[in-house]
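Have a look at model.tsv; it's TSV, C-alpha atoms and all ligand atoms:
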```
chain	number	residue	atom	x	y	z
A	36	MET	CA	-7.89	4.57	-23.71
A	37	ALA	CA	-6.24	1.10	-23.49
A	38	LYS	CA	-6.87	-0.78	-20.24
A	39	ILE	CA	-4.17	-0.99	-17.57
A	40	LYS	CA	-3.82	-4.72	-16.96
A	41	VAL	CA	-3.11	-5.45	-13.32
A	42	ALA	CA	-2.44	-8.63	-11.32
A	43	LEU	CA	-3.09	-8.67	-7.56
A	44	VAL	CA	-0.91	-10.73	-5.22
A	45	GLY	CA	-2.89	-11.30	-2.02
A	46	VAL	CA	-6.69	-10.95	-1.97
A	47	GLY	CA	-6.93	-9.53	1.56
A	48	ASN	CA	-8.61	-6.42	2.94
A	49	CYS	CA	-6.58	-4.00	0.86
A	50	ALA	CA	-7.43	-5.86	-2.37
A	51	SER	CA	-11.09	-5.93	-1.33
A	52	ALA	CA	-11.30	-2.16	-0.81
A	53	PHE	CA	-9.38	-1.57	-4.05
A	54	VAL	CA	-11.66	-3.80	-6.16
A	55	GLN	CA	-14.78	-2.33	-4.53
A	56	GLY	CA	-13.40	1.15	-5.26
A	57	LEU	CA	-12.97	0.31	-8.96
A	58	GLN	CA	-16.66	-0.59	-9.07
A	59	TYR	CA	-17.73	2.37	-6.90
A	60	TYR	CA	-16.06	4.99	-9.12
A	61	SER	CA	-16.58	3.24	-12.47
A	62	ASN	CA	-19.42	5.53	-13.60
A	63	CYS	CA	-18.17	8.73	-12.01
A	64	ASN	CA	-17.44	11.28	-14.73
A	65	GLU	CA	-17.42	14.58	-12.90
A	66	LYS	CA	-14.64	15.79	-10.63
A	67	GLU	CA	-17.15	17.35	-8.18
A	68	LYS	CA	-18.74	13.94	-7.67
A	69	SER	CA	-15.49	12.01	-7.24
A	70	ILE	CA	-15.45	12.47	-3.46
A	71	GLY	CA	-12.69	10.43	-1.86
A	72	LEU	CA	-10.40	10.48	-4.90
A	73	ARG	CA	-7.41	12.71	-5.23
A	74	HIS	CA	-7.45	12.46	-9.03
A	75	LEU	CA	-10.45	11.38	-11.07
A	76	TYR	CA	-8.21	11.49	-14.14
A	77	LEU	CA	-4.46	11.09	-13.92
A	78	GLY	CA	-2.35	11.38	-17.06
A	79	GLY	CA	-5.62	10.92	-18.98
A	80	PHE	CA	-6.49	7.67	-17.18
A	81	HIS	CA	-9.74	7.14	-15.25
A	82	PRO	CA	-9.87	4.45	-12.50
A	83	ARG	CA	-12.14	2.43	-14.82
A	84	ASP	CA	-9.16	2.07	-17.15
A	85	ILE	CA	-7.65	-0.26	-14.52
A	86	GLN	CA	-8.56	-3.86	-15.27
A	87	ILE	CA	-7.74	-6.72	-12.93
A	88	VAL	CA	-6.64	-9.63	-15.10
A	89	ALA	CA	-5.22	-12.03	-12.48
A	90	ALA	CA	-5.21	-12.57	-8.70
A	91	PHE	CA	-3.28	-14.91	-6.43
A	92	ASP	CA	-3.83	-16.09	-2.85
A	93	VAL	CA	-3.32	-19.19	-0.69
A	94	ASP	CA	-6.52	-19.25	1.39
A	95	GLY	CA	-9.00	-21.99	0.44
A	96	ARG	CA	-11.92	-19.58	0.90
A	97	LYS	CA	-10.52	-17.37	-1.89
A	98	VAL	CA	-8.59	-19.67	-4.28
A	99	GLY	CA	-10.81	-21.01	-7.11
A	100	LYS	CA	-13.44	-18.29	-6.57
A	101	ASP	CA	-14.18	-15.38	-8.85
A	102	LEU	CA	-12.39	-12.29	-7.51
A	103	SER	CA	-15.76	-10.54	-7.00
A	104	GLU	CA	-16.62	-13.24	-4.39
A	105	ALA	CA	-13.16	-13.84	-2.98
A	106	ILE	CA	-12.80	-10.22	-1.82
A	107	PHE	CA	-15.67	-10.77	0.67
A	108	ALA	CA	-14.44	-14.15	2.00
A	109	PRO	CA	-13.16	-14.37	5.58
A	110	PRO	CA	-10.86	-13.50	7.21
A	111	ASN	CA	-11.35	-10.26	5.18
A	112	ASP	CA	-13.35	-7.90	7.37
A	113	VAL	CA	-13.31	-4.59	5.49
A	114	PRO	CA	-16.93	-3.37	5.15
A	115	LYS	CA	-18.86	-4.20	1.98
A	116	ILE	CA	-19.57	-0.90	0.18
A	117	VAL	CA	-20.83	-2.12	-3.20
A	118	GLU	CA	-21.93	-5.28	-4.98
A	119	VAL	CA	-19.19	-6.28	-7.39
A	120	PRO	CA	-20.41	-8.12	-10.51
A	121	PRO	CA	-18.49	-11.24	-11.64
A	122	LEU	CA	-15.10	-10.15	-12.96
A	123	ASP	CA	-14.15	-13.33	-14.81
A	124	VAL	CA	-10.93	-13.51	-12.79
A	125	THR	CA	-10.47	-16.76	-10.87
A	126	VAL	CA	-8.17	-16.45	-7.85
A	127	LEU	CA	-5.19	-18.75	-8.43
A	128	LYS	CA	-3.00	-20.39	-5.82
A	129	GLY	CA	0.55	-19.20	-5.35
A	130	PRO	CA	3.23	-20.72	-3.10
A	131	VAL	CA	2.81	-19.82	0.57
A	132	LEU	CA	6.52	-19.37	1.47
A	133	ASP	CA	6.55	-16.98	4.48
A	134	GLY	CA	3.07	-15.54	3.67
A	135	VAL	CA	1.59	-17.01	6.86
A	136	GLY	CA	3.14	-16.53	10.30
A	137	GLU	CA	2.75	-18.09	13.75
A	138	TYR	CA	-0.04	-15.72	14.81
A	139	THR	CA	-2.01	-16.17	11.56
A	140	ARG	CA	-1.62	-19.94	11.16
A	141	ASN	CA	-5.15	-20.46	12.48
A	142	VAL	CA	-6.58	-17.42	10.71
A	143	VAL	CA	-5.61	-18.40	7.13
A	144	GLN	CA	-7.07	-21.73	5.87
A	145	MET	CA	-4.59	-23.15	3.42
A	146	SER	CA	-6.05	-24.13	0.03
A	147	SER	CA	-5.48	-27.73	-1.08
A	148	GLN	CA	-5.57	-26.76	-4.78
A	149	PRO	CA	-2.43	-27.25	-6.87
A	150	GLN	CA	-0.01	-24.38	-7.13
A	151	THR	CA	-0.18	-22.28	-10.31
A	152	ASP	CA	2.80	-21.35	-12.46
A	153	VAL	CA	2.50	-17.65	-11.61
A	154	ALA	CA	4.81	-16.27	-14.34
A	155	ASP	CA	2.94	-18.29	-16.98
A	156	ALA	CA	-0.43	-17.07	-15.67
A	157	LEU	CA	0.81	-13.45	-15.78
A	158	LYS	CA	1.95	-13.90	-19.39
A	159	GLU	CA	-1.23	-15.68	-20.41
A	160	LYS	CA	-3.39	-12.87	-18.99
A	161	ASP	CA	-1.20	-10.16	-20.54
A	162	ALA	CA	-0.62	-8.57	-17.12
A	163	GLU	CA	1.58	-5.48	-17.24
A	164	ILE	CA	1.65	-4.43	-13.56
A	165	VAL	CA	1.91	-6.78	-10.53
A	166	VAL	CA	0.64	-5.25	-7.27
A	167	ASN	CA	2.08	-6.89	-4.16
A	168	LEU	CA	-0.50	-6.93	-1.33
A	169	LEU	CA	1.05	-9.69	0.75
A	170	PRO	CA	1.23	-9.37	4.55
A	171	SER	CA	4.04	-7.48	6.22
A	172	GLY	CA	6.83	-9.86	7.19
A	173	ALA	CA	6.35	-11.92	4.00
A	174	LEU	CA	9.71	-10.88	2.56
A	175	LYS	CA	10.56	-14.19	0.82
A	176	ALA	CA	7.10	-14.36	-0.79
A	177	SER	CA	7.35	-10.70	-1.89
A	178	GLN	CA	10.75	-11.36	-3.46
A	179	TRP	CA	9.40	-14.50	-5.14
A	180	TYR	CA	6.54	-12.55	-6.74
A	181	ALA	CA	8.97	-9.81	-7.81
A	182	GLU	CA	10.90	-12.59	-9.64
A	183	GLN	CA	7.67	-13.70	-11.33
A	184	ALA	CA	7.00	-10.11	-12.42
A	185	LEU	CA	10.47	-9.95	-13.98
A	186	ALA	CA	9.95	-13.32	-15.69
A	187	ALA	CA	6.62	-12.14	-17.13
A	188	ASN	CA	7.89	-8.68	-18.17
A	189	CYS	CA	5.66	-6.82	-15.68
A	190	ALA	CA	6.23	-3.67	-13.62
A	191	PHE	CA	6.08	-4.23	-9.84
A	192	VAL	CA	4.25	-2.18	-7.20
A	193	ASN	CA	5.27	-3.08	-3.65
A	194	VAL	CA	2.52	-1.92	-1.29
A	195	THR	CA	4.06	-3.86	1.62
A	196	PRO	CA	6.79	-2.84	4.08
A	197	ASN	CA	8.94	-5.76	2.84
A	198	PHE	CA	11.79	-3.86	1.16
A	199	ILE	CA	12.06	-4.31	-2.63
A	200	ALA	CA	12.06	-0.92	-4.39
A	201	SER	CA	14.34	0.61	-1.75
A	202	ASP	CA	16.78	-2.30	-2.16
A	203	LEU	CA	19.44	-1.28	-4.66
A	204	GLU	CA	19.90	-4.83	-5.98
A	205	TRP	CA	16.21	-5.15	-6.86
A	206	ALA	CA	16.15	-1.68	-8.38
A	207	LYS	CA	19.11	-2.68	-10.57
A	208	ARG	CA	17.40	-5.89	-11.64
A	209	PHE	CA	14.29	-4.01	-12.78
A	210	GLU	CA	16.47	-1.43	-14.50
A	211	TYR	CA	18.31	-4.18	-16.33
A	212	ALA	CA	14.97	-5.74	-17.35
A	213	GLU	CA	13.80	-2.27	-18.51
A	214	LEU	CA	10.77	-2.35	-16.20
A	215	PRO	CA	9.46	0.14	-13.61
A	216	LEU	CA	9.54	-0.70	-9.89
A	217	VAL	CA	7.85	1.31	-7.10
A	218	GLY	CA	7.57	0.97	-3.27
A	219	ASP	CA	7.96	0.38	-0.38
A	220	ASP	CA	5.05	0.54	2.12
A	221	LEU	CA	2.20	2.62	0.70
A	222	ILE	CA	1.29	5.89	2.43
A	223	ASP	CA	-2.37	6.00	3.47
A	224	GLN	CA	-4.65	8.73	2.11
A	225	VAL	CA	-5.57	10.00	5.60
A	226	GLY	CA	-3.14	7.92	7.58
A	227	ALA	CA	-1.35	8.55	10.81
A	228	THR	CA	1.99	9.16	9.07
A	229	THR	CA	0.67	11.93	6.82
A	230	LEU	CA	-1.28	13.59	9.64
A	231	HIS	CA	1.71	13.43	11.99
A	232	LYS	CA	4.07	14.90	9.40
A	233	THR	CA	1.59	17.63	8.48
A	234	LEU	CA	1.05	18.63	12.11
A	235	LEU	CA	4.79	18.78	12.80
A	236	LYS	CA	5.42	20.81	9.67
A	237	LEU	CA	2.61	23.24	10.53
A	238	LEU	CA	3.87	23.73	14.09
A	239	SER	CA	7.52	24.17	13.09
A	240	THR	CA	6.57	26.61	10.30
A	241	HIS	CA	4.74	28.65	12.96
A	242	GLY	CA	7.89	28.86	15.07
A	243	VAL	CA	7.06	26.12	17.57
A	244	ARG	CA	10.04	24.08	18.74
A	245	ILE	CA	8.82	20.49	19.06
A	246	THR	CA	10.78	18.67	21.74
A	247	GLN	CA	9.11	15.26	21.87
A	248	THR	CA	6.37	13.48	19.94
A	249	TYR	CA	4.96	10.00	19.47
A	250	GLN	CA	2.31	8.34	17.33
A	251	LEU	CA	1.16	4.83	18.18
A	252	ASP	CA	-1.78	2.85	16.91
A	253	VAL	CA	-3.93	-0.20	17.49
A	254	GLY	CA	-5.82	-2.10	14.83
A	255	GLY	CA	-7.76	-5.25	14.06
A	256	GLY	CA	-7.59	-7.20	10.78
A	257	THR	CA	-5.11	-9.92	9.87
A	258	GLU	CA	-2.45	-7.39	8.86
A	259	SER	CA	-2.27	-6.04	12.44
A	260	LEU	CA	-1.56	-9.60	13.65
A	261	HIS	CA	1.21	-9.97	11.08
A	262	THR	CA	2.68	-6.64	12.13
A	263	LEU	CA	2.57	-7.56	15.80
A	264	GLU	CA	4.40	-10.83	15.19
A	265	ARG	CA	6.88	-9.96	12.48
A	266	ALA	CA	7.09	-6.34	11.49
A	267	LYS	CA	6.65	-4.22	14.61
A	268	GLU	CA	10.28	-3.09	14.75
A	269	LEU	CA	10.49	-2.64	10.99
A	270	LYS	CA	7.30	-0.52	10.87
A	271	ARG	CA	8.51	1.55	13.79
A	272	ALA	CA	11.84	2.24	12.07
A	273	VAL	CA	10.18	3.11	8.73
A	274	LYS	CA	7.53	5.38	10.26
A	275	THR	CA	9.89	7.13	12.68
A	276	LYS	CA	12.37	7.89	9.91
A	277	THR	CA	9.75	9.35	7.58
A	278	VAL	CA	8.11	11.43	10.36
A	279	GLU	CA	11.49	12.82	11.51
A	280	ILE	CA	12.16	14.46	8.15
A	281	ALA	CA	9.05	16.65	8.55
A	282	LEU	CA	10.99	18.72	11.10
A	283	PRO	CA	13.86	20.99	10.07
A	284	TYR	CA	15.64	20.22	13.39
A	285	LYS	CA	16.19	17.18	15.62
A	286	ALA	CA	13.55	16.18	18.18
A	287	GLU	CA	12.70	13.01	20.05
A	288	VAL	CA	10.34	11.17	17.67
A	289	VAL	CA	8.69	7.76	17.99
A	290	ALA	CA	6.15	6.50	15.44
A	291	GLY	CA	4.97	2.94	15.01
A	292	SER	CA	2.28	0.30	15.30
A	293	THR	CA	1.63	-1.00	18.79
A	294	ASP	CA	-0.96	-3.69	19.12
A	295	TYR	CA	-3.78	-5.87	17.83
A	296	VAL	CA	-7.35	-5.57	19.12
A	297	ASP	CA	-9.47	-8.25	17.43
A	298	PHE	CA	-12.88	-6.59	17.83
A	299	LEU	CA	-11.69	-3.48	15.99
A	300	GLU	CA	-11.86	-5.64	12.81
A	301	ASN	CA	-10.41	-3.53	9.96
A	302	ARG	CA	-10.57	-0.33	12.01
A	303	ARG	CA	-7.49	1.48	13.29
A	304	ASP	CA	-7.12	4.00	16.11
A	305	SER	CA	-4.01	6.19	16.01
A	306	TYR	CA	-2.89	8.28	18.98
A	307	PHE	CA	-0.71	11.37	18.64
A	308	TRP	CA	1.08	13.23	21.36
A	309	ILE	CA	3.18	16.32	20.69
A	310	ARG	CA	5.04	18.50	23.15
A	311	GLY	CA	6.80	21.76	22.31
A	312	ILE	CA	7.51	25.35	23.23
A	313	TYR	CA	6.49	28.59	21.57
A	314	PHE	CA	6.77	32.36	22.28
A	315	CYS	CA	8.99	33.10	25.35
A	316	ASN	CA	9.52	29.41	26.10
A	317	THR	CA	5.78	28.80	26.75
A	318	PRO	CA	4.95	25.05	26.77
A	319	MET	CA	2.23	23.51	24.57
A	320	GLN	CA	0.93	20.00	24.16
A	321	ILE	CA	-1.36	18.19	21.69
A	322	ASP	CA	-3.25	14.93	22.36
A	323	LEU	CA	-5.15	13.57	19.36
A	324	LYS	CA	-6.87	10.42	18.20
A	325	LEU	CA	-7.56	9.51	14.56
A	326	SER	CA	-10.03	6.67	13.81
A	327	THR	CA	-10.07	5.17	10.32
A	328	ILE	CA	-10.84	1.95	8.48
A	329	ASP	CA	-7.56	0.61	7.23
A	330	ALA	CA	-8.06	-0.87	3.77
A	331	PRO	CA	-10.03	1.96	2.06
A	332	ASN	CA	-7.21	4.25	3.15
A	333	ALA	CA	-4.99	2.66	0.49
A	334	GLY	CA	-7.50	2.88	-2.39
A	335	SER	CA	-7.08	6.40	-3.73
A	336	VAL	CA	-3.27	6.31	-3.45
A	337	LEU	CA	-3.18	2.92	-5.18
A	338	PHE	CA	-5.33	4.25	-8.05
A	339	ASP	CA	-2.76	7.04	-8.52
A	340	VAL	CA	0.22	4.68	-8.26
A	341	ILE	CA	-1.11	2.22	-10.84
A	342	ARG	CA	-1.94	4.97	-13.34
A	343	ALA	CA	1.48	6.59	-12.77
A	344	VAL	CA	3.23	3.24	-13.32
A	345	LYS	CA	1.31	2.85	-16.58
A	346	ILE	CA	2.64	6.28	-17.60
A	347	ALA	CA	6.15	5.06	-16.70
A	348	LEU	CA	5.61	1.94	-18.84
A	349	ASN	CA	4.40	4.07	-21.76
A	350	ARG	CA	7.50	6.24	-21.42
A	351	LYS	CA	9.70	3.12	-21.22
A	352	LEU	CA	11.12	4.18	-17.83
A	353	LYS	CA	13.03	1.54	-15.88
A	354	GLY	CA	14.24	0.75	-12.35
A	355	ALA	CA	12.90	2.48	-9.21
A	356	ILE	CA	10.77	5.47	-10.33
A	357	LEU	CA	11.57	8.06	-7.65
A	358	PRO	CA	8.70	10.55	-8.22
A	359	ILE	CA	6.13	7.78	-7.71
A	360	CYS	CA	8.02	6.19	-4.79
A	361	ALA	CA	8.42	9.52	-2.96
A	362	TYR	CA	4.76	10.55	-3.50
A	363	ALA	CA	3.09	7.32	-2.46
A	364	PHE	CA	5.40	5.30	-0.18
A	365	LYS	CA	6.72	5.58	3.35
A	366	HIS	CA	10.07	3.94	2.52
A	367	PRO	CA	11.11	5.12	-0.96
A	368	PRO	CA	14.69	4.68	-2.21
A	369	LYS	CA	15.24	8.32	-1.20
A	370	LEU	CA	13.20	10.23	1.41
A	371	VAL	CA	12.15	13.78	0.51
A	372	SER	CA	9.83	16.28	2.20
A	373	LEU	CA	6.05	16.15	1.62
A	374	ASP	CA	6.15	19.30	-0.53
A	375	ALA	CA	9.07	18.08	-2.64
A	376	ALA	CA	7.35	14.71	-3.16
A	377	GLU	CA	4.13	16.42	-4.34
A	378	GLU	CA	6.06	18.63	-6.74
A	379	MET	CA	8.11	15.75	-8.13
A	380	PHE	CA	4.96	13.70	-8.75
A	381	ALA	CA	3.07	16.58	-10.42
A	382	ASN	CA	6.07	17.24	-12.69
A	383	PHE	CA	6.35	13.55	-13.48
A	384	ILE	CA	2.69	13.33	-14.53
A	385	LYS	CA	3.12	16.45	-16.70
A	386	GLY	CA	6.16	14.84	-18.31
A	387	ASN	CA	8.69	17.31	-16.89
A	388	ALA	CA	10.65	14.81	-14.77
B	401	LIG	N1	-4.21	1.01	4.26
B	401	LIG	C1	-3.74	-0.21	4.03
B	401	LIG	O1	-4.47	-1.19	4.06
B	401	LIG	C2	-2.26	-0.38	3.75
B	401	LIG	C3	-1.41	0.73	3.72
B	401	LIG	C4	-0.05	0.54	3.49
B	401	LIG	C5	0.45	-0.74	3.30
B	401	LIG	N2	-0.40	-1.82	3.34
B	401	LIG	C6	0.15	-3.16	3.17
B	401	LIG	O2	-0.64	-3.92	2.24
B	401	LIG	C7	-0.47	-5.30	2.55
B	401	LIG	C8	-1.82	-5.98	2.53
B	401	LIG	O3	-2.63	-5.53	3.62
B	401	LIG	P1	-4.04	-6.23	3.91
B	401	LIG	O4	-4.66	-5.48	5.01
B	401	LIG	O5	-4.78	-6.45	2.65
B	401	LIG	O6	-3.54	-7.65	4.46
B	401	LIG	P2	-4.39	-9.00	4.59
B	401	LIG	O7	-3.72	-9.83	5.62
B	401	LIG	O8	-5.83	-8.68	4.74
B	401	LIG	O9	-4.19	-9.70	3.15
B	401	LIG	C9	-3.07	-10.44	2.76
B	401	LIG	C10	-3.52	-11.52	1.79
B	401	LIG	O10	-2.36	-12.21	1.32
B	401	LIG	C11	-2.67	-13.60	1.25
B	401	LIG	N3	-1.43	-14.36	1.22
B	401	LIG	C12	-0.61	-14.72	2.23
B	401	LIG	N4	0.46	-15.38	1.73
B	401	LIG	C13	0.32	-15.45	0.40
B	401	LIG	C14	1.11	-15.98	-0.67
B	401	LIG	N5	2.28	-16.56	-0.40
B	401	LIG	N6	0.67	-15.86	-1.94
B	401	LIG	C15	-0.52	-15.24	-2.20
B	401	LIG	N7	-1.31	-14.71	-1.25
B	401	LIG	C16	-0.90	-14.80	0.04
B	401	LIG	C17	-3.55	-13.84	2.48
B	401	LIG	O11	-4.28	-15.03	2.40
B	401	LIG	C18	-4.42	-12.57	2.44
B	401	LIG	O12	-5.56	-12.79	1.63
B	401	LIG	C19	0.26	-5.36	3.89
B	401	LIG	O13	1.63	-5.63	3.69
B	401	LIG	C20	0.10	-3.95	4.45
B	401	LIG	O14	1.17	-3.57	5.30
B	401	LIG	C21	-1.74	-1.65	3.55
```
Go ahead and render the structure in this file as structure tokens.
Amino acid sequence: MAKIKVALVGVGNCASAFVQGLQYYSNCNEKEKSIGLRHLYLGGFHPRDIQIVAAFDVDGRKVGKDLSEAIFAPPNDVPKIVEVPPLDVTVLKGPVLDGVGEYTRNVVQMSSQPQTDVADALKEKDAEIVVNLLPSGALKASQWYAEQALAANCAFVNVTPNFIASDLEWAKRFEYAELPLVGDDLIDQVGATTLHKTLLKLLSTHGVRITQTYQLDVGGGTESLHTLERAKELKRAVKTKTVEIALPYKAEVVAGSTDYVDFLENRRDSYFWIRGIYFCNTPMQIDLKLSTIDAPNAGSVLFDVIRAVKIALNRKLKGAILPICAYAFKHPPKLVSLDAAEEMFANFIKGNA
């Protein structure tokens, strides 16, 4: 099976967990042993078919290093799960644009190395898929890298909540360039959004009338600082909208990130509160807490997304690819229910969509 050649934009916590995951699952050949993965094989592709060919960052502790080292450089604080052998991918410097905010100015140490011509580097390395792992709030930088992907004839995966795939103009540009585009804002494997939606669906299916519910979380890691400064409102709007559609009726729903707690490092605590009524107007209430580590929560979904985008490339599909967007992202071009998204994705992989 030909390799899927991927370029990473941003070598932060998410990139670290992803690269460690590629190593962790590289020799796993049996489904029963692939604990933590949704699909060991997807469309015939194994995670080891994903090859990182280029990586870009701005932090001096990462730029110029082999990717296998850069993923463990501070301020990354996701736990080290495996040793990653040298990957022969040197992290290159991109332009900073709005990649660093007020709150993270002292967290990121700007590299003094010269800026790379990103589109040229993508072409030289034969990259076919660019994965955007920039911080939330870095809209200009995300758009700039989407331009580089277009210039280098690459598909674009927007993991961030900076809108690209759900923006009609960008979708048209990728369609015109005959390239796939997917996003925006990846859904975690066992994240607060999925759990919240699943709980609401379960309760409403069982005849409970939910009246009010919220889900708020606190996290450490640089991304939580970015969210606090620049994307709190945006995240709240995106999460609330996607949670609301889990209910077949209107209720008071609030879902969003709340705050940054430095000593949590890459951990995240999510709090759920649900109030409703069931048989004969009897009140019920749920109080829950979910504790996770943030970055590994993106790994399995990202494996699926990259393999699905490769399938889209092989089928010469272009523009925003709805079955992938709906399955794996909180803010796709069109929101559908969890069940419909699963079905669309399964049909897409089988070649029926
Ligand atoms: N479970 C998850 O981790 C998850 C889920 C959904 C979405 N996301 C999104 O993924 C993105 C990455 O998350 P993270 O935790 O890895 O963030 P992070 O802050 O750890 O990493 C961001 C990286 O981007 C680099 N960077 C900043 N500006 C840059 C530029 N202009 N060019 C190149 N590199 C630049 C930083 O130096 C850093 O290494 C965020 O937008 C987050 O919202 C993550």
Quick one: which chain A residues come within 6 Å of ligand LIG 401 (chain B), and what is the nearest atom pair for each with the distance in Å to one decimal, counting all atoms listed in the file, rows ordered by chain and ascending number, as CSV?
```
residue,atom,partner,partner_atom,distance
A:Val44,CA,B:LIG401,C15,5.4
A:Gly45,CA,B:LIG401,O10,3.5
A:Val46,CA,B:LIG401,O12,4.2
A:Gly47,CA,B:LIG401,O9,3.2
A:Asn48,CA,B:LIG401,O5,3.8
A:Cys49,CA,B:LIG401,O5,3.5
A:Ala50,CA,B:LIG401,O5,5.7
A:Phe91,CA,B:LIG401,C15,5.1
A:Asp92,CA,B:LIG401,N7,3.3
A:Val93,CA,B:LIG401,N7,4.9
A:Asp94,CA,B:LIG401,O11,4.9
A:Asn111,CA,B:LIG401,O8,5.8
A:Gly129,CA,B:LIG401,N6,4.8
A:Pro130,CA,B:LIG401,N5,5.0
A:Val131,CA,B:LIG401,N5,3.4
A:Leu132,CA,B:LIG401,N5,5.4
A:Gly134,CA,B:LIG401,N4,3.3
A:Val135,CA,B:LIG401,N4,5.5
A:Val143,CA,B:LIG401,O11,6.0
A:Leu168,CA,B:LIG401,C8,4.2
A:Leu169,CA,B:LIG401,O10,4.3
A:Pro170,CA,B:LIG401,O13,3.9
A:Ser171,CA,B:LIG401,O13,4.0
A:Ala176,CA,B:LIG401,N5,5.3
A:Val194,CA,B:LIG401,O2,5.1
A:Thr195,CA,B:LIG401,O13,3.7
A:Pro196,CA,B:LIG401,O14,5.8
A:Asp220,CA,B:LIG401,C5,4.9
A:Leu221,CA,B:LIG401,C4,4.1
A:Ile222,CA,B:LIG401,C4,5.6
A:Asp223,CA,B:LIG401,C3,5.4
A:Thr257,CA,B:LIG401,O7,4.5
A:Glu258,CA,B:LIG401,O7,4.3
A:Asp329,CA,B:LIG401,N1,4.5
A:Ala330,CA,B:LIG401,O1,3.6
A:Asn332,CA,B:LIG401,N1,4.6
A:Ala333,CA,B:LIG401,N1,4.2
```
| field | Distance of atom CA of Ala281 of chain A from atom CA of Leu237 of chain A, expressed in Å to one decimal place | value | 9.4 Å
| message | Would you compute the distance between atom CA of Ser305 of chain A and atom CA of Leu238 of chain A? Give it in Å to one decimal. | response | 19.3 Å
Counting only C-alpha atoms, which residues of segment 258-294 of chain A sit at most 12 Å from some atom of segment 366-375 of chain A, and what is each one's closest atom pair with its distance in Å to one decimal, listed by chain and rising residue number, as a Markdown table?
```
| residue | atom | partner | partner_atom | distance |
| --- | --- | --- | --- | --- |
| A:Leu269 | CA | A:His366 | CA | 10.7 |
| A:Lys270 | CA | A:His366 | CA | 9.9 |
| A:Arg271 | CA | A:His366 | CA | 11.6 |
| A:Ala272 | CA | A:His366 | CA | 9.9 |
| A:Val273 | CA | A:His366 | CA | 6.3 |
| A:Lys274 | CA | A:His366 | CA | 8.3 |
| A:Thr275 | CA | A:His366 | CA | 10.7 |
| A:Lys276 | CA | A:His366 | CA | 8.7 |
| A:Thr277 | CA | A:Leu370 | CA | 7.1 |
| A:Val278 | CA | A:Ser372 | CA | 9.6 |
| A:Glu279 | CA | A:Ser372 | CA | 10.1 |
| A:Ile280 | CA | A:Ser372 | CA | 6.6 |
| A:Ala281 | CA | A:Ser372 | CA | 6.4 |
| A:Leu282 | CA | A:Ser372 | CA | 9.3 |
| A:Pro283 | CA | A:Ser372 | CA | 10.0 |
```
Store the residues of this selection in a file with C-alpha atoms, as a PDB file, in the coordinates of the input.
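Wrote result-v7.pdb, looks like this:
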```pdb
ATOM      1  CA  LEU A 269      10.490  -2.640  10.990  1.00  0.00           C
ATOM      2  CA  LYS A 270       7.300  -0.520  10.870  1.00  0.00           C
ATOM      3  CA  ARG A 271       8.510   1.550  13.790  1.00  0.00           C
ATOM      4  CA  ALA A 272      11.840   2.240  12.070  1.00  0.00           C
ATOM      5  CA  VAL A 273      10.180   3.110   8.730  1.00  0.00           C
ATOM      6  CA  LYS A 274       7.530   5.380  10.260  1.00  0.00           C
ATOM      7  CA  THR A 275       9.890   7.130  12.680  1.00  0.00           C
ATOM      8  CA  LYS A 276      12.370   7.890   9.910  1.00  0.00           C
ATOM      9  CA  THR A 277       9.750   9.350   7.580  1.00  0.00           C
ATOM     10  CA  VAL A 278       8.110  11.430  10.360  1.00  0.00           C
ATOM     11  CA  GLU A 279      11.490  12.820  11.510  1.00  0.00           C
ATOM     12  CA  ILE A 280      12.160  14.460   8.150  1.00  0.00           C
ATOM     13  CA  ALA A 281       9.050  16.650   8.550  1.00  0.00           C
ATOM     14  CA  LEU A 282      10.990  18.720  11.100  1.00  0.00           C
ATOM     15  CA  PRO A 283      13.860  20.990  10.070  1.00  0.00           C
TER      16      PRO A 283
END
```
| query | Could you pull the residues within 12 Å of Ala206 of chain A, counting only C-alpha atoms, minus those fewer than 3 positions along the same chain, as a ChimeraX atom specification? | reply | /A:181,185,190-193,198-203,209-219,353-357,360,367-368
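Rounded to one decimal, atom CA of Ser69 of chain A and atom CA of Val54 of chain A lie 16.3 Å from each other.
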| query | Which is closest to Ile116 of chain A among A:Leu75, A:Ile359, A:Met319, A:Leu57, if we use all atoms listed in the file? | reply | A:Leu57
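Nearest residue to Ser61 of chain A, choosing from A:Leu77, A:Met145, A:Val340, A:Val119 and counting only C-alpha atoms: A:Val119.
Minimum atom-to-atom distances from A:Gln55, A:Ser147, A:Gln250, A:Asn167 to Val41 of chain A were compared using all atoms listed in the file, and the lowest value belongs to A:Asn167.
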So that I can see what lies close to Tyr284 of chain A, please list as an mmCIF file with C-alpha atoms, in the coordinates of the input the residues with an atom at most 10 Å from it, counting only C-alpha atoms and leaving out residues fewer than 6 positions away in the same chain.
```cif
data_model
loop_
_atom_site.group_PDB
_atom_site.id
_atom_site.type_symbol
_atom_site.label_atom_id
_atom_site.label_comp_id
_atom_site.auth_asym_id
_atom_site.auth_seq_id
_atom_site.Cartn_x
_atom_site.Cartn_y
_atom_site.Cartn_z
ATOM 1 C CA SER A 239 7.520 24.170 13.090
ATOM 2 C CA ARG A 244 10.040 24.080 18.740
ATOM 3 C CA ILE A 245 8.820 20.490 19.060
ATOM 4 C CA THR A 246 10.780 18.670 21.740
#
```
| field | Top pick for closest residue to Arg342 of chain A, considering A:Ile85, A:Ala361, A:Val288, A:Leu122 and counting only C-alpha atoms | value | A:Ile85
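Distances to Phe107 of chain A were evaluated for A:Val225, A:Ala187, A:Ala52, A:Tyr313 using all atoms listed in the file, and the minimum falls at A:Ala52.
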